[in-house]
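The file my_file.txt comes next; it holds compact mmCIF, C-alpha atoms.
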# COMPACT_ATOMS: atom_id res chain seq x y z
CA MET T 189 -17.02 -22.31 12.65
CA THR T 190 -15.42 -19.02 11.76
CA THR T 191 -13.71 -18.99 8.45
CA VAL T 192 -11.05 -16.41 7.90
CA VAL T 193 -8.71 -15.98 4.98
CA LYS T 194 -5.26 -14.49 4.63
CA GLY T 195 -5.18 -10.71 4.43
CA GLN T 196 -8.38 -10.11 6.40
CA ARG T 197 -8.32 -7.51 9.16
CA VAL T 198 -9.18 -9.13 12.46
CA VAL T 199 -9.34 -8.52 16.19
CA PRO T 200 -7.86 -11.53 18.00
CA PHE T 201 -9.46 -12.20 21.37
CA VAL T 202 -6.16 -12.95 23.09
CA GLN T 203 -7.78 -12.48 26.50
CA VAL T 204 -9.45 -15.89 26.34
CA GLU T 205 -6.46 -18.22 25.84
CA ASN T 206 -3.30 -16.50 24.67
CA LEU T 207 -2.63 -14.17 27.60
CA GLY T 208 -2.85 -17.07 30.02
CA LYS T 209 -0.02 -18.71 28.04
CA GLY T 210 1.96 -15.48 28.11
CA GLU T 211 1.26 -14.71 24.45
CA GLY T 212 -0.10 -11.16 24.54
CA THR T 213 -0.28 -8.64 21.69
CA TRP T 214 2.98 -6.80 22.39
CA GLN T 215 4.65 -8.76 19.61
CA ASP T 216 4.45 -8.81 15.83
CA TYR T 217 2.70 -12.16 15.45
CA VAL T 218 0.26 -14.15 17.59
CA SER T 219 -1.32 -17.52 16.92
CA VAL T 220 -4.98 -17.56 17.96
CA ARG T 221 -7.69 -20.23 17.95
CA ALA T 222 -9.76 -19.79 14.78
CA ASP T 223 -13.01 -19.09 16.62
CA LEU T 224 -11.34 -16.37 18.68
CA VAL T 225 -10.80 -13.89 15.87
CA TRP T 226 -13.36 -11.39 14.65
CA VAL T 227 -13.27 -10.03 11.12
CA VAL T 228 -13.46 -6.23 11.42
CA PRO T 229 -15.97 -4.55 9.10
CA ASP T 230 -14.68 -1.67 6.96
CA SER T 231 -16.85 0.75 8.94
CA ILE T 232 -14.56 0.34 11.95
CA SER T 233 -11.15 2.04 11.83
CA ASP T 234 -7.84 0.55 12.97
CA VAL T 235 -7.72 2.77 16.06
CA ALA T 236 -11.24 1.74 17.06
CA ALA T 237 -10.48 -1.94 16.40
CA ALA T 238 -7.25 -1.75 18.40
CA GLN T 239 -9.31 -0.73 21.46
CA PHE T 240 -12.42 -2.75 20.63
CA VAL T 241 -12.45 -5.01 23.66
CA ILE T 242 -11.09 -3.83 27.01
CA ASN T 243 -12.86 -0.49 27.48
CA PRO T 244 -16.04 -0.79 25.38
CA TRP T 245 -16.91 -4.31 26.56
CA THR T 246 -16.35 -3.31 30.19
CA VAL T 247 -18.52 -0.22 29.77
CA HIS T 248 -21.28 -2.15 28.03
CA GLY T 249 -21.10 -5.13 30.38
CA MET T 250 -21.09 -3.17 33.62
CA LEU T 251 -23.78 -0.72 32.62
CA SER T 252 -26.11 -3.49 31.44
CA ASP T 253 -25.43 -5.59 34.55
CA LEU T 254 -26.38 -2.66 36.82
CA LYS T 255 -29.87 -2.72 35.23
CA ILE T 256 -30.48 0.98 35.84
CA PRO T 257 -33.95 2.25 34.88
CA LYS T 258 -34.11 5.23 32.53
CA GLY T 259 -33.83 8.55 34.33
CA GLU T 260 -31.99 7.11 37.36
CA TYR T 261 -28.40 7.95 38.23
CA VAL T 262 -25.25 5.89 37.85
CA LEU T 263 -22.21 7.13 39.76
CA GLN T 264 -18.70 6.51 38.47
CA THR T 265 -15.18 7.28 39.66
CA ALA T 266 -12.21 8.16 37.42
CA ALA T 267 -14.76 9.61 35.02
CA GLY T 268 -12.12 11.40 32.96
CA SER T 269 -10.52 8.14 31.78
CA ALA T 270 -11.05 6.75 28.29
CA LEU T 271 -13.47 4.24 29.79
CA GLY T 272 -15.22 6.88 31.91
CA ARG T 273 -15.86 9.04 28.87
CA GLN T 274 -17.30 6.11 26.92
CA LEU T 275 -19.54 5.34 29.87
CA ILE T 276 -20.90 8.90 29.93
CA LYS T 277 -21.87 8.63 26.27
CA LEU T 278 -23.38 5.15 26.51
CA ALA T 279 -25.39 6.06 29.62
CA LYS T 280 -26.76 9.12 27.84
CA HIS T 281 -27.65 6.95 24.86
CA TRP T 282 -29.53 4.56 27.15
CA GLY T 283 -31.30 7.41 29.00
CA ILE T 284 -29.35 6.93 32.24
CA LYS T 285 -28.08 10.00 34.10
CA THR T 286 -24.45 10.15 35.28
CA ILE T 287 -22.74 11.47 38.39
CA ASN T 288 -19.05 11.63 37.62
CA LEU T 289 -16.21 11.81 40.13
CA VAL T 290 -12.94 13.39 39.02
CA ARG T 291 -9.78 14.43 40.83
CA ARG T 292 -9.11 17.60 38.89
CA LYS T 293 -11.57 20.48 38.72
CA GLU T 294 -10.40 21.32 35.19
CA GLN T 295 -12.09 18.19 33.85
CA LYS T 296 -15.57 19.39 34.80
CA ALA T 297 -16.33 21.49 31.73
CA GLU T 298 -14.86 18.86 29.41
CA LEU T 299 -17.04 16.06 30.77
CA LYS T 300 -20.13 18.27 30.82
CA ALA T 301 -19.53 19.00 27.13
CA LEU T 302 -19.43 15.26 26.53
CA GLY T 303 -22.87 14.84 28.06
CA ALA T 304 -22.13 14.29 31.77
CA ASP T 305 -25.10 15.29 33.92
CA GLU T 306 -23.14 16.02 37.09
CA VAL T 307 -19.42 16.20 37.83
CA ILE T 308 -18.00 16.18 41.36
CA SER T 309 -14.40 17.08 42.08
CA THR T 310 -13.30 14.77 44.90
CA SER T 311 -10.49 17.10 45.98
CA ASP T 312 -12.75 19.96 47.05
CA GLU T 313 -16.32 18.66 47.34
CA ASP T 314 -17.99 16.26 49.75
CA VAL T 315 -19.12 13.40 47.55
CA VAL T 316 -22.00 12.00 49.64
CA THR T 317 -23.50 15.44 50.39
CA ARG T 318 -23.35 16.40 46.70
CA VAL T 319 -24.92 13.10 45.58
CA LYS T 320 -27.77 13.61 48.09
CA GLU T 321 -28.35 17.12 46.72
CA ILE T 322 -28.29 15.97 43.11
CA THR T 323 -30.64 13.02 43.61
CA GLY T 324 -32.96 14.75 46.08
CA GLY T 325 -31.97 12.27 48.80
CA LYS T 326 -32.59 9.16 46.68
CA LEU T 327 -28.86 8.50 46.11
CA ALA T 328 -27.43 6.84 42.99
CA TYR T 329 -29.09 3.67 41.67
CA GLY T 330 -25.75 1.91 41.15
CA ALA T 331 -22.06 2.75 40.93
CA LEU T 332 -18.82 1.83 39.13
CA ASP T 333 -15.50 2.26 40.88
CA ALA T 334 -12.13 2.19 39.12
CA VAL T 335 -10.20 3.62 42.05
CA SER T 336 -10.72 1.43 45.15
CA GLY T 337 -8.87 2.47 48.31
CA GLU T 338 -10.62 4.94 50.57
CA LEU T 339 -12.85 6.28 47.80
CA THR T 340 -14.86 3.04 47.67
CA LYS T 341 -16.31 3.89 51.09
CA ARG T 342 -17.67 7.21 49.77
CA VAL T 343 -18.96 5.49 46.64
CA CYS T 344 -20.88 2.88 48.66
CA ALA T 345 -22.31 5.62 50.88
CA SER T 346 -23.62 7.39 47.77
CA VAL T 347 -25.68 4.40 46.56
CA ARG T 348 -29.32 3.63 47.46
CA ASP T 349 -30.31 0.86 49.88
CA GLY T 350 -29.77 -2.48 48.12
CA GLY T 351 -27.82 -0.81 45.29
CA GLN T 352 -24.95 -2.47 43.41
CA VAL T 353 -21.37 -1.18 43.35
CA PHE T 354 -18.91 -2.76 40.91
CA ILE T 355 -15.17 -2.36 41.46
CA TYR T 356 -13.32 -2.73 38.17
CA GLY T 357 -10.02 -0.98 38.80
CA ILE T 358 -7.36 -0.48 41.45
CA LEU T 359 -5.94 2.97 40.73
CA ALA T 360 -5.50 3.54 44.48
CA GLY T 361 -4.28 0.03 45.27
CA TRP T 362 -5.39 -3.50 46.04
CA GLU T 363 -7.42 -2.62 49.10
CA ALA T 364 -10.77 -0.90 49.50
CA THR T 365 -12.51 0.53 52.54
CA VAL T 366 -16.19 0.02 53.08
CA GLY T 367 -18.58 1.33 55.72
CA VAL T 368 -20.33 -1.56 57.42
CA GLY T 369 -23.41 0.65 57.80
CA ASP T 370 -23.70 0.66 53.99
CA LEU T 371 -23.51 -3.13 53.95
CA PHE T 372 -26.35 -3.19 56.50
CA ARG T 373 -28.31 -0.96 54.08
CA GLY T 374 -27.97 -3.81 51.61
CA VAL T 375 -25.40 -2.17 49.34
CA HIS T 376 -23.73 -4.92 47.28
CA LEU T 377 -20.02 -4.45 46.67
CA THR T 378 -18.48 -6.87 44.18
CA ALA T 379 -15.83 -6.80 41.47
CA TRP T 380 -16.71 -6.79 37.77
CA TYR T 381 -14.06 -8.70 35.86
CA LEU T 382 -14.06 -8.56 32.07
CA TYR T 383 -11.93 -11.66 31.56
CA ARG T 384 -14.50 -13.77 33.37
CA GLU T 385 -17.34 -12.37 31.25
CA LEU T 386 -15.64 -12.64 27.87
CA ALA T 387 -14.76 -16.29 28.45
CA ILE T 388 -18.48 -16.99 27.93
CA PRO T 389 -19.05 -17.42 24.15
CA GLU T 390 -22.66 -16.15 24.22
CA ARG T 391 -21.65 -13.01 26.08
CA ARG T 392 -18.78 -12.45 23.65
CA ARG T 393 -21.29 -12.65 20.79
CA VAL T 394 -23.46 -9.98 22.45
CA PHE T 395 -20.44 -7.70 23.05
CA ILE T 396 -19.31 -8.04 19.43
CA ASP T 397 -22.76 -7.30 17.99
CA GLU T 398 -23.72 -4.47 20.31
CA VAL T 399 -20.35 -2.72 20.60
CA SER T 400 -19.66 -2.76 16.85
CA LYS T 401 -23.07 -1.17 16.33
CA LEU T 402 -22.33 1.47 19.00
CA ILE T 403 -19.01 2.28 17.32
CA GLU T 404 -20.64 2.54 13.90
CA ASP T 405 -23.29 4.86 15.37
CA LYS T 406 -20.51 6.93 17.00
CA ILE T 407 -21.91 6.39 20.49
CA ILE T 408 -18.64 4.78 21.49
CA GLU T 409 -15.77 6.75 19.99
CA PRO T 410 -12.12 5.81 20.07
CA LEU T 411 -9.93 8.18 22.06
CA VAL T 412 -6.75 8.60 20.12
CA GLY T 413 -3.51 9.63 21.79
CA GLU T 414 0.06 9.16 20.69
CA THR T 415 1.38 6.20 18.71
CA TYR T 416 4.79 4.60 19.30
CA ASP T 417 6.64 1.84 17.51
CA LEU T 418 6.64 -1.49 19.33
CA ALA T 419 10.39 -1.05 19.92
CA ASP T 420 9.66 2.14 21.90
CA PHE T 421 7.35 0.36 24.31
CA GLN T 422 9.11 1.88 27.35
CA LEU T 423 8.26 5.41 26.17
CA ALA T 424 4.69 4.33 25.44
CA ILE T 425 4.27 2.90 28.95
CA LYS T 426 5.51 6.16 30.50
CA LYS T 427 3.19 8.19 28.28
CA SER T 428 0.20 5.98 29.13
CA GLU T 429 0.62 6.86 32.80
CA GLU T 430 0.88 10.63 32.36
CA VAL T 431 -1.97 12.52 33.98
CA GLY T 432 -4.15 14.27 31.41
CA ARG T 433 -2.35 12.67 28.45
CA GLY T 434 -5.59 12.72 26.42
CA GLY T 435 -6.57 9.52 24.64
CA LYS T 436 -5.19 6.03 24.38
CA VAL T 437 -1.53 5.38 23.69
CA PHE T 438 -0.83 2.96 20.82
CA LEU T 439 1.96 0.61 19.86
CA LYS T 440 2.30 0.00 16.15
CA SER T 441 4.24 -2.52 14.10
CA MET N 161 10.76 -12.05 8.57
CA SER N 162 11.07 -11.94 12.31
CA ASN N 163 8.76 -11.68 15.23
CA ARG N 164 9.69 -8.90 17.63
CA ALA N 165 8.24 -9.43 21.08
CA VAL N 166 8.26 -7.58 24.38
CA VAL N 167 9.14 -10.24 26.93
CA LEU N 168 9.23 -10.11 30.71
CA GLN N 169 12.76 -11.39 31.38
CA LYS N 170 12.92 -10.96 35.12
CA LEU N 171 10.85 -9.58 37.96
CA VAL N 172 12.26 -6.30 39.27
CA PRO N 173 10.00 -5.42 42.21
CA ASN N 174 10.99 -1.74 42.48
CA ASP N 175 11.15 -1.06 38.74
CA PRO N 176 8.95 -3.58 36.91
CA GLU N 177 9.59 -2.01 33.48
CA ALA N 178 13.31 -2.79 33.82
CA GLY N 179 12.39 -6.47 33.52
CA LEU N 180 10.90 -6.00 30.03
CA ALA N 181 12.98 -6.31 26.87
CA LEU N 182 12.42 -6.47 23.13
CA VAL N 183 13.54 -9.84 21.78
CA THR N 184 13.21 -11.66 18.46
CA LYS N 185 11.25 -14.88 18.32
CA PRO N 186 10.35 -17.16 15.40
CA VAL N 187 7.09 -16.35 13.62
CA PRO N 188 4.53 -18.91 14.82
CA LYS N 189 3.34 -21.51 12.29
CA ALA N 190 -0.41 -21.99 11.94
CA GLU N 191 -1.34 -25.16 13.80
CA PRO N 192 -4.59 -26.93 12.85
CA GLY N 193 -7.54 -24.75 13.87
CA GLN N 194 -5.29 -21.76 14.52
CA VAL N 195 -4.93 -18.39 12.83
CA VAL N 196 -1.65 -16.49 12.85
CA VAL N 197 -2.29 -12.75 13.04
CA ARG N 198 0.26 -10.04 12.27
CA ILE N 199 -0.61 -7.36 14.81
CA ILE N 200 -0.49 -3.85 13.37
CA LEU N 201 -1.83 -1.71 16.24
CA ARG N 202 -2.41 -2.17 19.98
CA ALA N 203 -3.98 0.13 22.54
CA LEU N 204 -2.23 0.29 25.93
CA ASN N 205 -4.44 -0.46 28.92
CA PRO N 206 -3.78 -0.24 32.67
CA THR N 207 -4.46 -3.99 32.81
CA ASP N 208 -1.40 -4.58 30.57
CA LEU N 209 0.86 -2.92 33.11
CA LEU N 210 -0.78 -4.83 35.94
CA SER N 211 -0.06 -8.09 34.16
CA TYR N 212 3.67 -7.85 34.88
CA ARG N 213 3.67 -5.50 37.87
CA PHE N 214 1.33 -7.47 40.09
CA SER N 215 2.76 -10.73 41.36
CA GLY N 216 -0.76 -12.13 41.73
CA TYR N 217 -0.83 -12.81 37.98
CA ALA N 218 0.31 -16.42 38.09
CA HIS N 219 0.83 -16.68 34.33
CA ALA N 220 3.34 -13.81 34.13
CA LYS N 221 6.39 -16.07 34.25
CA PRO N 222 9.71 -14.35 33.56
CA GLY N 223 11.25 -15.49 30.30
CA SER N 224 8.03 -16.50 28.61
CA PHE N 225 5.53 -13.74 29.22
CA THR N 226 4.48 -11.14 26.63
CA PRO N 227 1.92 -8.58 27.85
CA GLY N 228 -0.78 -7.01 25.68
CA SER N 229 -4.51 -7.51 26.14
CA GLU N 230 -5.80 -6.26 22.80
CA GLY N 231 -4.99 -5.16 19.28
CA VAL N 232 -5.90 -5.39 15.62
CA GLY N 233 -4.04 -7.23 12.92
CA ILE N 234 -3.99 -8.91 9.54
CA VAL N 235 -4.46 -12.65 9.03
CA HIS N 236 -1.01 -13.94 8.08
CA ASP N 237 -1.66 -17.68 7.95
CA VAL N 238 -4.59 -20.05 8.51
CA ARG N 239 -4.89 -23.80 8.79
CA ASN N 240 -8.37 -25.20 9.00
CA SER N 241 -8.52 -28.02 11.42
CA PHE N 242 -9.14 -31.53 10.14
CA HIS N 243 -11.43 -31.90 13.10
CA ALA N 244 -13.57 -28.97 11.91
CA LEU N 245 -13.97 -30.56 8.48
CA LEU N 246 -14.68 -33.94 10.03
CA ALA N 247 -17.21 -32.42 12.40
CA SER N 248 -19.40 -31.31 9.51
CA PHE N 249 -19.67 -34.90 8.17
CA PRO N 250 -23.13 -35.72 9.63
CA LEU N 251 -24.57 -32.62 7.96
CA VAL N 252 -22.99 -33.43 4.63
CA ALA N 253 -24.19 -37.04 4.93
CA LEU N 254 -27.74 -35.90 5.69
CA LYS N 255 -27.82 -33.54 2.72
CA PHE N 256 -26.39 -36.26 0.49
CA SER N 257 -29.02 -38.79 1.62
CA ARG N 258 -31.82 -36.30 1.07
CA LEU N 259 -30.58 -35.46 -2.37
CA LEU N 260 -30.67 -39.13 -3.30
CA LEU N 261 -34.03 -39.83 -1.71
CA TRP N 262 -35.88 -36.66 -2.55
CA SER N 263 -39.42 -37.92 -2.10
CA TYR N 264 -38.72 -40.39 0.69
CA THR N 265 -37.57 -37.87 3.27
CA GLN N 266 -40.36 -36.75 5.48
CA HIS N 267 -38.92 -34.73 8.36
CA ASP N 268 -39.15 -30.99 8.18
CA CYS N 269 -36.47 -30.26 10.65
CA CYS N 270 -33.88 -32.06 12.65
CA VAL N 271 -31.04 -31.19 14.96
CA ILE N 272 -27.76 -32.98 14.57
CA ASP N 273 -25.21 -32.89 17.32
CA CYS N 274 -22.06 -33.10 15.23
CA SER N 275 -19.84 -33.40 18.27
CA SER N 276 -21.01 -36.91 19.17
CA TYR N 277 -19.55 -40.07 17.67
CA ARG N 278 -23.06 -41.49 17.58
CA ALA N 279 -24.10 -38.81 15.08
CA HIS N 280 -21.18 -39.72 12.86
CA ILE N 281 -21.97 -43.44 12.94
CA ILE N 282 -25.68 -42.84 12.26
CA ALA N 283 -24.75 -40.50 9.41
CA LEU N 284 -22.51 -43.15 7.88
CA PHE N 285 -25.31 -45.77 8.03
CA LYS N 286 -27.78 -43.27 6.58
CA CYS N 287 -25.47 -42.66 3.63
CA VAL N 288 -25.05 -46.37 2.93
CA PHE N 289 -28.78 -46.98 3.31
CA ALA N 290 -29.61 -44.04 1.03
CA CYS N 291 -27.24 -45.36 -1.64
CA LYS N 292 -28.84 -48.82 -1.46
CA LEU N 293 -32.37 -47.41 -1.74
CA PHE N 294 -31.32 -45.15 -4.57
CA LEU N 295 -29.91 -48.04 -6.56
CA LYS N 296 -33.10 -50.07 -6.03
CA MET N 297 -35.34 -47.22 -7.22
CA PRO N 298 -36.77 -47.37 -10.73
CA ALA N 299 -34.68 -45.03 -12.85
CA GLY N 300 -37.66 -42.79 -13.61
CA ARG N 301 -38.30 -41.95 -9.99
CA ARG N 302 -34.76 -41.00 -9.08
CA GLY N 303 -34.62 -37.41 -7.97
CA SER N 304 -37.47 -36.31 -10.22
CA ASP N 305 -40.42 -37.16 -7.99
CA ASN N 306 -41.69 -33.99 -6.36
CA SER N 307 -44.74 -35.46 -4.69
CA GLY N 308 -42.98 -35.44 -1.33
CA GLU N 309 -42.27 -32.27 0.64
CA ARG N 310 -38.75 -31.00 0.42
CA PRO N 311 -37.11 -30.83 3.86
CA LYS N 312 -37.30 -27.23 4.98
CA SER N 313 -34.49 -26.67 7.36
CA CYS N 314 -31.82 -28.35 9.31
CA ALA N 315 -30.01 -27.11 12.37
CA VAL N 316 -26.54 -28.22 13.24
CA ARG N 317 -24.86 -28.05 16.57
CA THR N 318 -21.10 -28.35 16.37
CA SER N 319 -20.16 -28.08 20.01

Mind turning the file's structure into structure tokens?
Amino acid sequence: MTTVVKGQRVVPFVQVENLGKGEGTWQDYVSVRADLVWVVPDSISDVAAAQFVINPWTVHGMLSDLKIPKGEYVLQTAAGSALGRQLIKLAKHWGIKTINLVRRKEQKAELKALGADEVISTSDEDVVTRVKEITGGKLAYGALDAVSGELTKRVCASVRDGGQVFIYGILAGWEATVGVGDLFRGVHLTAWYLYRELAIPERRRVFIDEVSKLIEDKIIEPLVGETYDLADFQLAIKKSEEVGRGGKVFLKS
Amino acid sequence: MSNRAVVLQKLVPNDPEAGLALVTKPVPKAEPGQVVVRIILRALNPTDLLSYRFSGYAHAKPGSFTPGSEGVGIVHDVRNSFHALLASFPLVALKFSRLLLWSYTQHDCCVIDCSSYRAHIIALFKCVFACKLFLKMPAGRRGSDNSGERPKSCAVRTS
């Protein structure tokens, strides 16, 4: 039984119960079940705590579920996102190499500086050919796709026989294309859904322990963008969708 | 003290943001087993926007839906549940019995499933039995006899 006292700084896990009742965090007060709050240690800042769950848990969960051996490649799309950047750093920490797909060429140098092994610009490079070159024909061990749409087909074609591809985002829409030939090669294409994983108390415990350690060790670093007052939520939403905005947008009370 | 909340008031298919408005709601009271948190900072995620833009989210009902999938806050109010206190009774009863019957307890370890009624009933009997034995003991032996092994550990399962 978690015991919390007034005045403690906590992260409420609203994803488990509250959101389903329509009680999300875009309000001043939320009432949460006592075992669904986590007391934040002093070593973790407000900005890191405010983005403790959605990105870091997804990164940690997906990368561990892919079970990639050290030295093998993971391929990811939308690599320039806050989540994509965290994935690059965590993969490096775990000894996994990354092939990163981006839309804009300008992001290449930035991601390389962060520790990305390879960056492919989807607008002017052929993804599958480049992945073959990089891996010496072995292809990527597994892949993470935040985009869906037509890109999923190229992602699946860049993964080894029997490899796993997780879709976790729909930046290009609610449909994805897949080459049946890749399915015949045994490529598994499934969705990875955080809300399903964090509903499991044991998994939540692992995420809390491991991710807080990764934040303290500065492996996972918060990406800080602009902060708006809750009343200015419309401006914040617009900002959060700007291309190349740099960092997470916050709503404060 | 008021609770400002972004609420989805209506679904506007071509301009989903137009359906959102800032309203004032009462501050929730802490129900038993609940913690009321005053949120100080929230990060915006694409999933937040999906929650009111995509009609597939069955729970996003106009009029009663507030988006927001994460954030950090300060505990504003807590009410421990009576159930939580009650649930720990078998453990308390076991410790109480052992304290009374220091040298008579022989198990090193036991697991109590606090969630079952059976555990509560057994614990109640144990307490009564321990009290009876204690009263029958010669005064000199009460609590002071260390010839028996002290129970080492006890695991409790609450759910």

Checklist entry - Skipping near chain neighbours, those fewer than 6 positions away, what residues fall within 6 Å of range 416-425 of chain T using all atoms listed in the file, listed as a ChimeraX atom specification? => result /T:439-441

With C-alpha atoms retained, export the selected residues as a PDB file, keeping the file's coordinate frame.
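To be explicit, this is the file written out as again-v8.pdb:
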ATOM      1  CA  LEU T 439       1.960   0.610  19.860  1.00  0.00           C
ATOM      2  CA  LYS T 440       2.300   0.000  16.150  1.00  0.00           C
ATOM      3  CA  SER T 441       4.240  -2.520  14.100  1.00  0.00           C
TER       4      SER T 441
END

Checklist entry - Using all atoms listed in the file, which chain N residues lie at most 8 Å away from chain T, written as an MDAnalysis selection string? => result chainID N and resid 163:166 177 182 187:190 193:205 209 219:221 224:238 244

Checklist entry - How many Å lie between CA of Tyr383 in chain T and CA of Leu332 in chain T, rounded to one decimal? => result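 That distance, rounded to one decimal, is 16.9 Å.
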
Next on the checklist: When you look at range 273-283 of chain T with a cut-off of 10 Å (counting only C-alpha atoms), what residues show up, excluding the ones that are within fewer than 6 positions of it in the same chain? I need them as a ChimeraX atom specification.
Outcome noted: /T:243-244,246-248,250-252,256-262,264,266-267,298-300,302-305,332,402,406-411

Go ahead and write the residues just picked, C-alpha atoms, as a compact mmCIF listing (two decimals), keeping the file's coordinate frame.
# COMPACT_ATOMS: atom_id res chain seq x y z
CA ASN T 243 -12.86 -0.49 27.48
CA PRO T 244 -16.04 -0.79 25.38
CA THR T 246 -16.35 -3.31 30.19
CA VAL T 247 -18.52 -0.22 29.77
CA HIS T 248 -21.28 -2.15 28.03
CA MET T 250 -21.09 -3.17 33.62
CA LEU T 251 -23.78 -0.72 32.62
CA SER T 252 -26.11 -3.49 31.44
CA ILE T 256 -30.48 0.98 35.84
CA PRO T 257 -33.95 2.25 34.88
CA LYS T 258 -34.11 5.23 32.53
CA GLY T 259 -33.83 8.55 34.33
CA GLU T 260 -31.99 7.11 37.36
CA TYR T 261 -28.40 7.95 38.23
CA VAL T 262 -25.25 5.89 37.85
CA GLN T 264 -18.70 6.51 38.47
CA ALA T 266 -12.21 8.16 37.42
CA ALA T 267 -14.76 9.61 35.02
CA GLU T 298 -14.86 18.86 29.41
CA LEU T 299 -17.04 16.06 30.77
CA LYS T 300 -20.13 18.27 30.82
CA LEU T 302 -19.43 15.26 26.53
CA GLY T 303 -22.87 14.84 28.06
CA ALA T 304 -22.13 14.29 31.77
CA ASP T 305 -25.10 15.29 33.92
CA LEU T 332 -18.82 1.83 39.13
CA LEU T 402 -22.33 1.47 19.00
CA LYS T 406 -20.51 6.93 17.00
CA ILE T 407 -21.91 6.39 20.49
CA ILE T 408 -18.64 4.78 21.49
CA GLU T 409 -15.77 6.75 19.99
CA PRO T 410 -12.12 5.81 20.07
CA LEU T 411 -9.93 8.18 22.06

Checklist outcome for this item: In terms of only C-alpha atoms, the residue from T:Val368, T:Ala334, T:Leu382, T:Val319 at minimal distance from Arg348 in chain T is T:Val319

Checklist entry - Of the candidates T:Asp333, T:Glu338, T:Glu306, T:Asp370, which shows the shortest atom-to-atom distance to Val353 in chain T, using only C-alpha atoms? => result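 Of all the options, T:Asp333 lies closest to Val353 in chain T.
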
Checklist entry - What is the distance between CA of Ile284 in chain T and CA of Ala301 in chain T, in Å to one decimal? => result 16.4 Å

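Across the model, the gap from CA of Ile308 in chain T to CA of Arg433 in chain T is 20.6 Å.
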
Checklist entry - For Glu321 in chain T, which residue among T:Leu339, T:Gln295, T:Val394, T:Ile287 is the nearest when counting only C-alpha atoms? => result T:Ile287

Please output range 248-262 of chain N, rebuilt to include N, CA and C atoms, as a short mmCIF file (atom, residue, chain, number, x, y, z; two decimals), in the coordinates of the input.
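Wrote result08.cif, looks like this:
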data_model
loop_
_atom_site.label_atom_id
_atom_site.label_comp_id
_atom_site.auth_asym_id
_atom_site.auth_seq_id
_atom_site.Cartn_x
_atom_site.Cartn_y
_atom_site.Cartn_z
N SER N 248 -18.24 -31.64 10.33
CA SER N 248 -19.40 -31.31 9.51
C SER N 248 -19.91 -32.53 8.74
N PHE N 249 -19.28 -33.70 8.91
CA PHE N 249 -19.67 -34.90 8.17
C PHE N 249 -21.15 -35.28 8.31
N PRO N 250 -21.72 -35.33 9.53
CA PRO N 250 -23.13 -35.72 9.63
C PRO N 250 -24.05 -34.82 8.81
N LEU N 251 -23.74 -33.54 8.75
CA LEU N 251 -24.57 -32.62 7.96
C LEU N 251 -24.46 -32.92 6.48
N VAL N 252 -23.23 -33.12 6.03
CA VAL N 252 -22.99 -33.43 4.63
C VAL N 252 -23.69 -34.74 4.27
N ALA N 253 -23.58 -35.74 5.17
CA ALA N 253 -24.19 -37.04 4.93
C ALA N 253 -25.71 -36.91 4.82
N LEU N 254 -26.29 -36.09 5.70
CA LEU N 254 -27.74 -35.90 5.69
C LEU N 254 -28.20 -35.26 4.38
N LYS N 255 -27.46 -34.24 3.96
CA LYS N 255 -27.82 -33.54 2.72
C LYS N 255 -27.70 -34.49 1.53
N PHE N 256 -26.64 -35.29 1.55
CA PHE N 256 -26.39 -36.26 0.49
C PHE N 256 -27.53 -37.28 0.42
N SER N 257 -27.94 -37.80 1.58
CA SER N 257 -29.02 -38.79 1.62
C SER N 257 -30.32 -38.19 1.10
N ARG N 258 -30.57 -36.95 1.49
CA ARG N 258 -31.82 -36.30 1.07
C ARG N 258 -31.85 -36.04 -0.42
N LEU N 259 -30.68 -35.71 -0.94
CA LEU N 259 -30.58 -35.46 -2.37
C LEU N 259 -30.92 -36.72 -3.15
N LEU N 260 -30.42 -37.86 -2.65
CA LEU N 260 -30.67 -39.13 -3.30
C LEU N 260 -32.14 -39.53 -3.18
N LEU N 261 -32.68 -39.33 -2.00
CA LEU N 261 -34.03 -39.83 -1.71
C LEU N 261 -35.02 -38.70 -1.57
N TRP N 262 -35.07 -37.87 -2.55
CA TRP N 262 -35.88 -36.66 -2.55
C TRP N 262 -37.26 -36.87 -1.93
#
